[in-house]
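File shown: structure-v4.cif. Contents: mmCIF, N, CA and C atoms and all ligand atoms.
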```
data_protein
#
loop_
_atom_site.label_atom_id
_atom_site.label_comp_id
_atom_site.auth_asym_id
_atom_site.auth_seq_id
_atom_site.Cartn_x
_atom_site.Cartn_y
_atom_site.Cartn_z
N MET A 1 4.22 -3.00 -0.84
CA MET A 1 2.81 -2.91 -0.45
C MET A 1 2.43 -4.06 0.48
N GLU A 2 2.99 -5.25 0.21
CA GLU A 2 2.66 -6.41 1.05
C GLU A 2 3.05 -6.18 2.50
N GLN A 3 4.20 -5.51 2.67
CA GLN A 3 4.69 -5.28 4.03
C GLN A 3 3.75 -4.36 4.80
N VAL A 4 3.33 -3.29 4.15
CA VAL A 4 2.40 -2.36 4.77
C VAL A 4 1.10 -3.10 5.08
N ALA A 5 0.64 -3.86 4.10
CA ALA A 5 -0.62 -4.60 4.26
C ALA A 5 -0.55 -5.56 5.44
N SER A 6 0.59 -6.24 5.60
CA SER A 6 0.73 -7.22 6.68
C SER A 6 0.67 -6.57 8.06
N ALA A 7 1.02 -5.28 8.11
CA ALA A 7 0.96 -4.58 9.39
C ALA A 7 -0.42 -3.97 9.62
N VAL A 8 -0.93 -3.33 8.59
CA VAL A 8 -2.15 -2.54 8.73
C VAL A 8 -3.43 -3.38 8.78
N LEU A 9 -3.53 -4.34 7.88
CA LEU A 9 -4.80 -5.08 7.76
C LEU A 9 -5.14 -5.92 9.00
N PRO A 10 -4.18 -6.72 9.53
CA PRO A 10 -4.54 -7.48 10.73
C PRO A 10 -4.90 -6.57 11.90
N ALA A 11 -4.23 -5.42 12.02
CA ALA A 11 -4.53 -4.49 13.10
C ALA A 11 -5.98 -4.00 13.01
N ARG A 12 -6.40 -3.66 11.80
CA ARG A 12 -7.78 -3.20 11.61
C ARG A 12 -8.77 -4.34 11.84
N LEU A 13 -8.41 -5.53 11.40
CA LEU A 13 -9.30 -6.68 11.61
C LEU A 13 -9.51 -6.92 13.11
N HIS A 14 -8.41 -6.82 13.88
CA HIS A 14 -8.54 -7.04 15.32
C HIS A 14 -9.42 -5.97 15.96
N GLU A 15 -9.32 -4.75 15.45
CA GLU A 15 -10.19 -3.67 15.96
C GLU A 15 -11.65 -4.02 15.73
N LEU A 16 -11.93 -4.48 14.51
CA LEU A 16 -13.32 -4.85 14.16
C LEU A 16 -13.78 -6.05 14.98
N GLU A 17 -12.87 -6.97 15.26
CA GLU A 17 -13.21 -8.12 16.11
C GLU A 17 -13.65 -7.64 17.49
N ARG A 18 -12.85 -6.73 18.05
CA ARG A 18 -13.16 -6.23 19.39
C ARG A 18 -14.50 -5.50 19.39
N GLU A 19 -14.69 -4.62 18.40
CA GLU A 19 -15.94 -3.85 18.32
C GLU A 19 -17.15 -4.76 18.23
N ASN A 20 -16.99 -5.89 17.54
CA ASN A 20 -18.15 -6.75 17.28
C ASN A 20 -18.15 -8.04 18.09
N LYS A 21 -17.19 -8.13 19.02
CA LYS A 21 -17.09 -9.31 19.89
C LYS A 21 -17.04 -10.62 19.10
N LEU A 22 -16.17 -10.62 18.10
CA LEU A 22 -15.97 -11.83 17.31
C LEU A 22 -14.51 -12.19 17.46
N HIS A 23 -14.21 -13.46 17.22
CA HIS A 23 -12.81 -13.82 17.35
C HIS A 23 -12.40 -14.86 16.32
N CYS A 24 -11.40 -14.52 15.53
CA CYS A 24 -10.91 -15.51 14.58
C CYS A 24 -9.63 -16.13 15.13
N GLN A 25 -9.31 -17.32 14.66
CA GLN A 25 -8.12 -18.05 15.14
C GLN A 25 -6.85 -17.36 14.70
N ASN A 26 -6.85 -16.96 13.44
CA ASN A 26 -5.61 -16.50 12.84
C ASN A 26 -5.93 -15.59 11.65
N VAL A 27 -5.13 -14.55 11.47
CA VAL A 27 -5.29 -13.71 10.28
C VAL A 27 -4.01 -13.78 9.49
N CYS A 28 -4.11 -13.96 8.20
CA CYS A 28 -2.90 -13.83 7.42
C CYS A 28 -3.18 -12.99 6.18
N VAL A 29 -2.16 -12.29 5.74
CA VAL A 29 -2.28 -11.44 4.56
C VAL A 29 -1.46 -12.08 3.47
N LYS A 30 -2.11 -12.50 2.42
CA LYS A 30 -1.35 -13.04 1.30
C LYS A 30 -2.16 -12.92 0.01
N THR A 31 -1.44 -12.94 -1.08
CA THR A 31 -2.09 -12.79 -2.37
C THR A 31 -3.05 -13.94 -2.61
N LEU A 32 -4.27 -13.59 -2.97
CA LEU A 32 -5.30 -14.58 -3.23
C LEU A 32 -5.57 -14.60 -4.73
N PRO A 33 -6.25 -15.66 -5.18
CA PRO A 33 -6.58 -15.69 -6.61
C PRO A 33 -7.28 -14.39 -7.03
N LYS A 34 -7.09 -14.05 -8.26
CA LYS A 34 -7.67 -12.82 -8.82
C LYS A 34 -9.13 -12.65 -8.40
N ASP A 35 -9.49 -11.44 -8.03
CA ASP A 35 -10.86 -11.09 -7.65
C ASP A 35 -11.25 -11.48 -6.23
N ILE A 36 -10.43 -12.26 -5.55
CA ILE A 36 -10.81 -12.64 -4.19
C ILE A 36 -10.06 -11.75 -3.21
N LEU A 37 -10.84 -11.12 -2.35
CA LEU A 37 -10.25 -10.14 -1.43
C LEU A 37 -10.12 -10.68 -0.01
N GLY A 38 -10.89 -11.71 0.28
CA GLY A 38 -10.81 -12.27 1.62
C GLY A 38 -11.37 -13.67 1.63
N GLN A 39 -10.90 -14.46 2.60
CA GLN A 39 -11.40 -15.82 2.74
C GLN A 39 -11.47 -16.15 4.22
N CYS A 40 -12.43 -17.01 4.55
CA CYS A 40 -12.52 -17.47 5.92
C CYS A 40 -12.67 -18.98 5.87
N SER A 41 -11.78 -19.71 6.56
CA SER A 41 -11.85 -21.17 6.52
C SER A 41 -12.72 -21.69 7.65
N SER A 42 -13.06 -22.97 7.59
CA SER A 42 -13.88 -23.57 8.64
C SER A 42 -13.11 -23.63 9.95
N LEU A 43 -11.79 -23.45 9.89
CA LEU A 43 -10.98 -23.43 11.11
C LEU A 43 -10.88 -22.03 11.70
N LYS A 44 -11.71 -21.12 11.15
CA LYS A 44 -11.75 -19.72 11.61
C LYS A 44 -10.45 -18.97 11.33
N ASP A 45 -9.80 -19.34 10.27
CA ASP A 45 -8.62 -18.60 9.81
C ASP A 45 -9.08 -17.63 8.73
N ILE A 46 -8.74 -16.37 8.90
CA ILE A 46 -9.11 -15.39 7.89
C ILE A 46 -7.88 -15.00 7.08
N THR A 47 -8.03 -15.00 5.78
CA THR A 47 -6.96 -14.56 4.89
C THR A 47 -7.43 -13.31 4.19
N LEU A 48 -6.58 -12.29 4.18
CA LEU A 48 -6.94 -11.03 3.52
C LEU A 48 -5.97 -10.74 2.39
N SER A 49 -6.49 -10.23 1.32
CA SER A 49 -5.64 -9.86 0.19
C SER A 49 -4.93 -8.55 0.50
N PRO A 50 -3.63 -8.47 0.18
CA PRO A 50 -2.90 -7.21 0.41
C PRO A 50 -3.52 -6.04 -0.36
N LYS A 51 -4.27 -6.33 -1.40
CA LYS A 51 -4.91 -5.27 -2.19
C LYS A 51 -5.83 -4.39 -1.35
N LEU A 52 -6.33 -4.94 -0.24
CA LEU A 52 -7.28 -4.18 0.57
C LEU A 52 -6.70 -2.88 1.12
N VAL A 53 -5.39 -2.78 1.24
CA VAL A 53 -4.81 -1.53 1.77
C VAL A 53 -5.07 -0.32 0.88
N ILE A 54 -5.28 -0.54 -0.40
CA ILE A 54 -5.49 0.62 -1.26
C ILE A 54 -6.98 0.94 -1.43
N PHE A 55 -7.83 0.18 -0.74
CA PHE A 55 -9.26 0.48 -0.77
C PHE A 55 -9.59 1.58 0.23
N PRO A 56 -10.63 2.35 -0.06
CA PRO A 56 -11.12 3.25 0.98
C PRO A 56 -11.51 2.40 2.20
N GLN A 57 -11.29 2.95 3.40
CA GLN A 57 -11.50 2.13 4.60
C GLN A 57 -12.91 1.54 4.70
N ARG A 58 -13.89 2.34 4.30
CA ARG A 58 -15.27 1.86 4.35
C ARG A 58 -15.42 0.54 3.59
N MET A 59 -14.69 0.44 2.47
CA MET A 59 -14.81 -0.76 1.65
C MET A 59 -13.98 -1.91 2.20
N SER A 60 -12.76 -1.61 2.67
CA SER A 60 -11.97 -2.72 3.22
C SER A 60 -12.63 -3.22 4.51
N ASP A 61 -13.24 -2.31 5.27
CA ASP A 61 -13.98 -2.74 6.47
C ASP A 61 -15.11 -3.69 6.10
N ALA A 62 -15.81 -3.36 5.03
CA ALA A 62 -16.94 -4.20 4.62
C ALA A 62 -16.47 -5.60 4.24
N VAL A 63 -15.31 -5.69 3.58
CA VAL A 63 -14.77 -7.00 3.23
C VAL A 63 -14.39 -7.76 4.51
N MET A 64 -13.73 -7.05 5.44
CA MET A 64 -13.33 -7.71 6.70
C MET A 64 -14.55 -8.16 7.49
N LEU A 65 -15.58 -7.33 7.53
CA LEU A 65 -16.79 -7.72 8.26
C LEU A 65 -17.46 -8.92 7.60
N HIS A 66 -17.39 -8.96 6.27
CA HIS A 66 -17.93 -10.11 5.55
C HIS A 66 -17.23 -11.39 6.04
N GLU A 67 -15.89 -11.33 6.10
CA GLU A 67 -15.15 -12.51 6.55
C GLU A 67 -15.43 -12.82 8.01
N LEU A 68 -15.53 -11.76 8.84
CA LEU A 68 -15.83 -11.99 10.26
C LEU A 68 -17.22 -12.61 10.43
N ALA A 69 -18.15 -12.22 9.59
CA ALA A 69 -19.50 -12.79 9.67
C ALA A 69 -19.47 -14.29 9.39
N HIS A 70 -18.48 -14.73 8.60
CA HIS A 70 -18.34 -16.17 8.32
C HIS A 70 -17.89 -16.96 9.56
N LEU A 71 -17.41 -16.26 10.59
CA LEU A 71 -17.05 -16.98 11.81
C LEU A 71 -18.30 -17.56 12.45
N ARG A 72 -19.43 -16.90 12.24
CA ARG A 72 -20.71 -17.39 12.79
C ARG A 72 -21.45 -18.24 11.77
N HIS A 73 -21.40 -17.83 10.52
CA HIS A 73 -22.16 -18.52 9.47
C HIS A 73 -21.22 -18.87 8.33
N LEU A 74 -20.85 -20.13 8.24
CA LEU A 74 -19.91 -20.51 7.20
C LEU A 74 -20.63 -20.84 5.89
N ASN A 75 -21.43 -19.91 5.44
CA ASN A 75 -22.20 -20.11 4.21
C ASN A 75 -22.72 -18.75 3.80
N HIS A 76 -23.46 -18.71 2.73
CA HIS A 76 -24.05 -17.43 2.31
C HIS A 76 -25.57 -17.51 2.37
N ARG A 77 -26.08 -18.24 3.34
CA ARG A 77 -27.54 -18.33 3.47
C ARG A 77 -28.11 -17.12 4.20
N LYS A 78 -29.42 -17.14 4.36
CA LYS A 78 -30.11 -15.96 4.87
C LYS A 78 -29.56 -15.46 6.21
N GLY A 79 -29.28 -16.40 7.12
CA GLY A 79 -28.77 -16.02 8.44
C GLY A 79 -27.47 -15.24 8.35
N PHE A 80 -26.66 -15.61 7.37
CA PHE A 80 -25.40 -14.89 7.16
C PHE A 80 -25.66 -13.43 6.81
N TRP A 81 -26.57 -13.21 5.86
CA TRP A 81 -26.84 -11.83 5.40
C TRP A 81 -27.48 -11.00 6.50
N THR A 82 -28.33 -11.62 7.30
CA THR A 82 -28.95 -10.90 8.41
C THR A 82 -27.87 -10.48 9.41
N PHE A 83 -26.97 -11.42 9.71
CA PHE A 83 -25.89 -11.14 10.66
C PHE A 83 -24.96 -10.06 10.10
N LEU A 84 -24.60 -10.19 8.83
CA LEU A 84 -23.71 -9.20 8.21
C LEU A 84 -24.36 -7.82 8.20
N SER A 85 -25.64 -7.77 7.94
CA SER A 85 -26.34 -6.48 7.96
C SER A 85 -26.24 -5.85 9.34
N SER A 86 -26.34 -6.67 10.39
CA SER A 86 -26.25 -6.12 11.74
C SER A 86 -24.84 -5.59 12.01
N LEU A 87 -23.82 -6.24 11.44
CA LEU A 87 -22.44 -5.77 11.62
C LEU A 87 -22.20 -4.48 10.85
N LEU A 88 -22.75 -4.41 9.65
CA LEU A 88 -22.53 -3.23 8.80
C LEU A 88 -23.39 -2.06 9.23
N GLY A 89 -24.43 -2.34 10.00
CA GLY A 89 -25.35 -1.29 10.40
C GLY A 89 -26.19 -0.81 9.24
N GLU A 90 -26.28 -1.62 8.21
CA GLU A 90 -27.11 -1.28 7.06
C GLU A 90 -27.48 -2.60 6.39
N ASP A 91 -28.43 -2.54 5.52
CA ASP A 91 -28.84 -3.74 4.85
C ASP A 91 -27.73 -4.21 3.91
N ALA A 92 -27.20 -5.38 4.16
CA ALA A 92 -26.19 -5.91 3.25
C ALA A 92 -26.89 -6.21 1.94
N ASP A 93 -26.45 -5.54 0.94
CA ASP A 93 -27.05 -5.73 -0.37
C ASP A 93 -26.64 -7.11 -0.88
N GLU A 94 -27.58 -8.00 -0.89
CA GLU A 94 -27.27 -9.39 -1.19
C GLU A 94 -26.58 -9.57 -2.55
N GLU A 95 -27.00 -8.78 -3.51
CA GLU A 95 -26.39 -8.88 -4.83
C GLU A 95 -24.93 -8.48 -4.78
N LYS A 96 -24.70 -7.36 -4.11
CA LYS A 96 -23.36 -6.80 -4.07
C LYS A 96 -22.39 -7.73 -3.35
N PHE A 97 -22.89 -8.41 -2.32
CA PHE A 97 -22.01 -9.23 -1.51
C PHE A 97 -22.14 -10.71 -1.80
N LYS A 98 -22.81 -11.01 -2.87
CA LYS A 98 -23.17 -12.42 -3.10
C LYS A 98 -21.96 -13.35 -3.05
N SER A 99 -20.89 -12.93 -3.66
CA SER A 99 -19.69 -13.75 -3.58
C SER A 99 -18.67 -12.97 -2.79
N ASP A 100 -17.53 -13.57 -2.56
CA ASP A 100 -16.49 -12.83 -1.85
C ASP A 100 -15.76 -11.90 -2.81
N ILE A 101 -16.22 -11.87 -4.04
CA ILE A 101 -15.69 -10.92 -5.01
C ILE A 101 -16.42 -9.61 -4.77
N ALA A 102 -16.21 -9.05 -3.59
CA ALA A 102 -16.89 -7.81 -3.27
C ALA A 102 -16.34 -6.70 -4.15
N TYR A 103 -17.20 -5.81 -4.56
CA TYR A 103 -16.77 -4.59 -5.23
C TYR A 103 -15.98 -4.81 -6.51
N CYS A 104 -16.45 -5.71 -7.35
CA CYS A 104 -15.66 -5.94 -8.56
C CYS A 104 -15.70 -4.73 -9.50
N GLU A 105 -16.60 -3.77 -9.23
CA GLU A 105 -16.60 -2.59 -10.10
C GLU A 105 -15.29 -1.81 -10.01
N HIS A 106 -14.54 -2.05 -8.92
CA HIS A 106 -13.26 -1.34 -8.79
C HIS A 106 -12.07 -2.19 -9.21
N ARG A 107 -12.36 -3.38 -9.68
CA ARG A 107 -11.27 -4.31 -9.96
C ARG A 107 -10.30 -3.78 -11.02
N ASP A 108 -10.86 -3.17 -12.06
CA ASP A 108 -10.00 -2.67 -13.13
C ASP A 108 -9.07 -1.58 -12.62
N MET A 109 -9.63 -0.72 -11.76
CA MET A 109 -8.83 0.36 -11.21
C MET A 109 -7.70 -0.23 -10.37
N ILE A 110 -8.00 -1.24 -9.59
CA ILE A 110 -7.00 -1.86 -8.72
C ILE A 110 -5.91 -2.53 -9.55
N ASP A 111 -6.33 -3.27 -10.56
CA ASP A 111 -5.35 -3.93 -11.41
C ASP A 111 -4.44 -2.89 -12.06
N PHE A 112 -5.06 -1.77 -12.44
CA PHE A 112 -4.28 -0.70 -13.06
C PHE A 112 -3.25 -0.13 -12.07
N LEU A 113 -3.69 0.12 -10.85
CA LEU A 113 -2.80 0.70 -9.85
C LEU A 113 -1.66 -0.24 -9.48
N LEU A 114 -1.90 -1.53 -9.60
CA LEU A 114 -0.89 -2.50 -9.18
C LEU A 114 0.04 -2.91 -10.30
N ARG A 115 -0.23 -2.41 -11.48
CA ARG A 115 0.57 -2.84 -12.61
C ARG A 115 2.02 -2.37 -12.51
ZN ZN B 201 -18.49 -14.95 1.89
#
```

For this file, write the structure as structure tokens.
Amino acid sequence: MEQVASAVLPARLHELERENKLHCQNVCVKTLPKDILGQCSSLKDITLSPKLVIFPQRMSDAVMLHELAHLRHLNHRKGFWTFLSSLLGEDADEEKFKSDIAYCEHRDMIDFLLR
């Protein structure tokens, strides 16, 4: 799964970068601590969890856009949510996206599938 993820996820992230005119320094796919699906460092490096490949695209896109939004706003303050909403084309539900633990309602299913 990691191999597929390493090919597919960065390709999709670059597509989203182009569509939204954002640019990150580096993308890497590697296992992150439990519940974390993506990270963005202050050096504009984005790390994506290989688990994202088994998500419906709409959801993995939302996680990637969340990380891309951190290229402009390295925090979760109001400006971040406004910017993310513009990327998603819908109101980013602040509760749902509050942490980078996006979509934890599917976590059990994912853990089950990866067992
Ligand atoms: Zn975040």

Just give me the gap between atom C of Leu16 of chain A and atom N of Leu32 of chain A in Å, one decimal is fine.
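If I compute the distance from atom C of Leu16 of chain A to atom N of Leu32 of chain A, I get 21.7 Å.
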
DSSP helix (DSSP H, G or I) selection over segment 1-100 of chain A, as a PyMOL selection string
chain A and resi 2-20+50-54+57-69+78-88

Using only N, CA and C atoms and all ligand atoms, which of the listed residues (A:Ala7, A:Ala69, A:Leu52, A:Leu88) sits closest to ligand ZN 201 (chain B)?
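Of the candidates, the smallest distance to ligand ZN 201 (chain B) is held by A:Ala69.
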
For ligand ZN 201 (chain B), which residue out of A:Val29, A:Cys24, A:Leu74, A:Val4 is the nearest one, using all atoms listed in the file?
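Looking only at the distances to ligand ZN 201 (chain B), the closest residue turns out to be A:Leu74.
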
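Rounded to one decimal, atom CA of Ala5 of chain A and atom C of Leu22 of chain A lie 20.6 Å from each other.
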
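The smallest atom-to-atom distance between Asp45 of chain A and any of A:Asp61, A:Glu17, A:Glu90, A:Glu67, using only C-alpha atoms, is found for A:Glu67.
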
Using Å and a single decimal, report how far atom N of Leu84 of chain A sits from atom CA of Pro56 of chain A.
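Taking atom CA of Pro56 of chain A and atom N of Leu84 of chain A, their separation equals 20.6 Å.
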
Just list as a PyMOL selection string whatever in chain A DSSP marks as strand (DSSP E).
chain A and resi 26-29+38-40+45-48

Could you check the closest approach to ligand ZN 201 (chain B) for each of A:Arg58, A:His76, A:Arg18, A:His23 and tell me which residue wins, using only N, CA and C atoms and all ligand atoms?
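The answer is A:His76, which sits nearest to ligand ZN 201 (chain B).
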
So which residues are close to (-19.8, -3.0, 10.4), meaning at most 7 Å away in the file's coordinates with only C-alpha atoms counted, and can you show them as a count of residues only?
5

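You can rank A:Val8, A:Leu48, A:Met59, A:Cys40 by their closest distance to ligand ZN 201 (chain B) using only C-alpha atoms and all ligand atoms, and at the top of that list sits A:Cys40.
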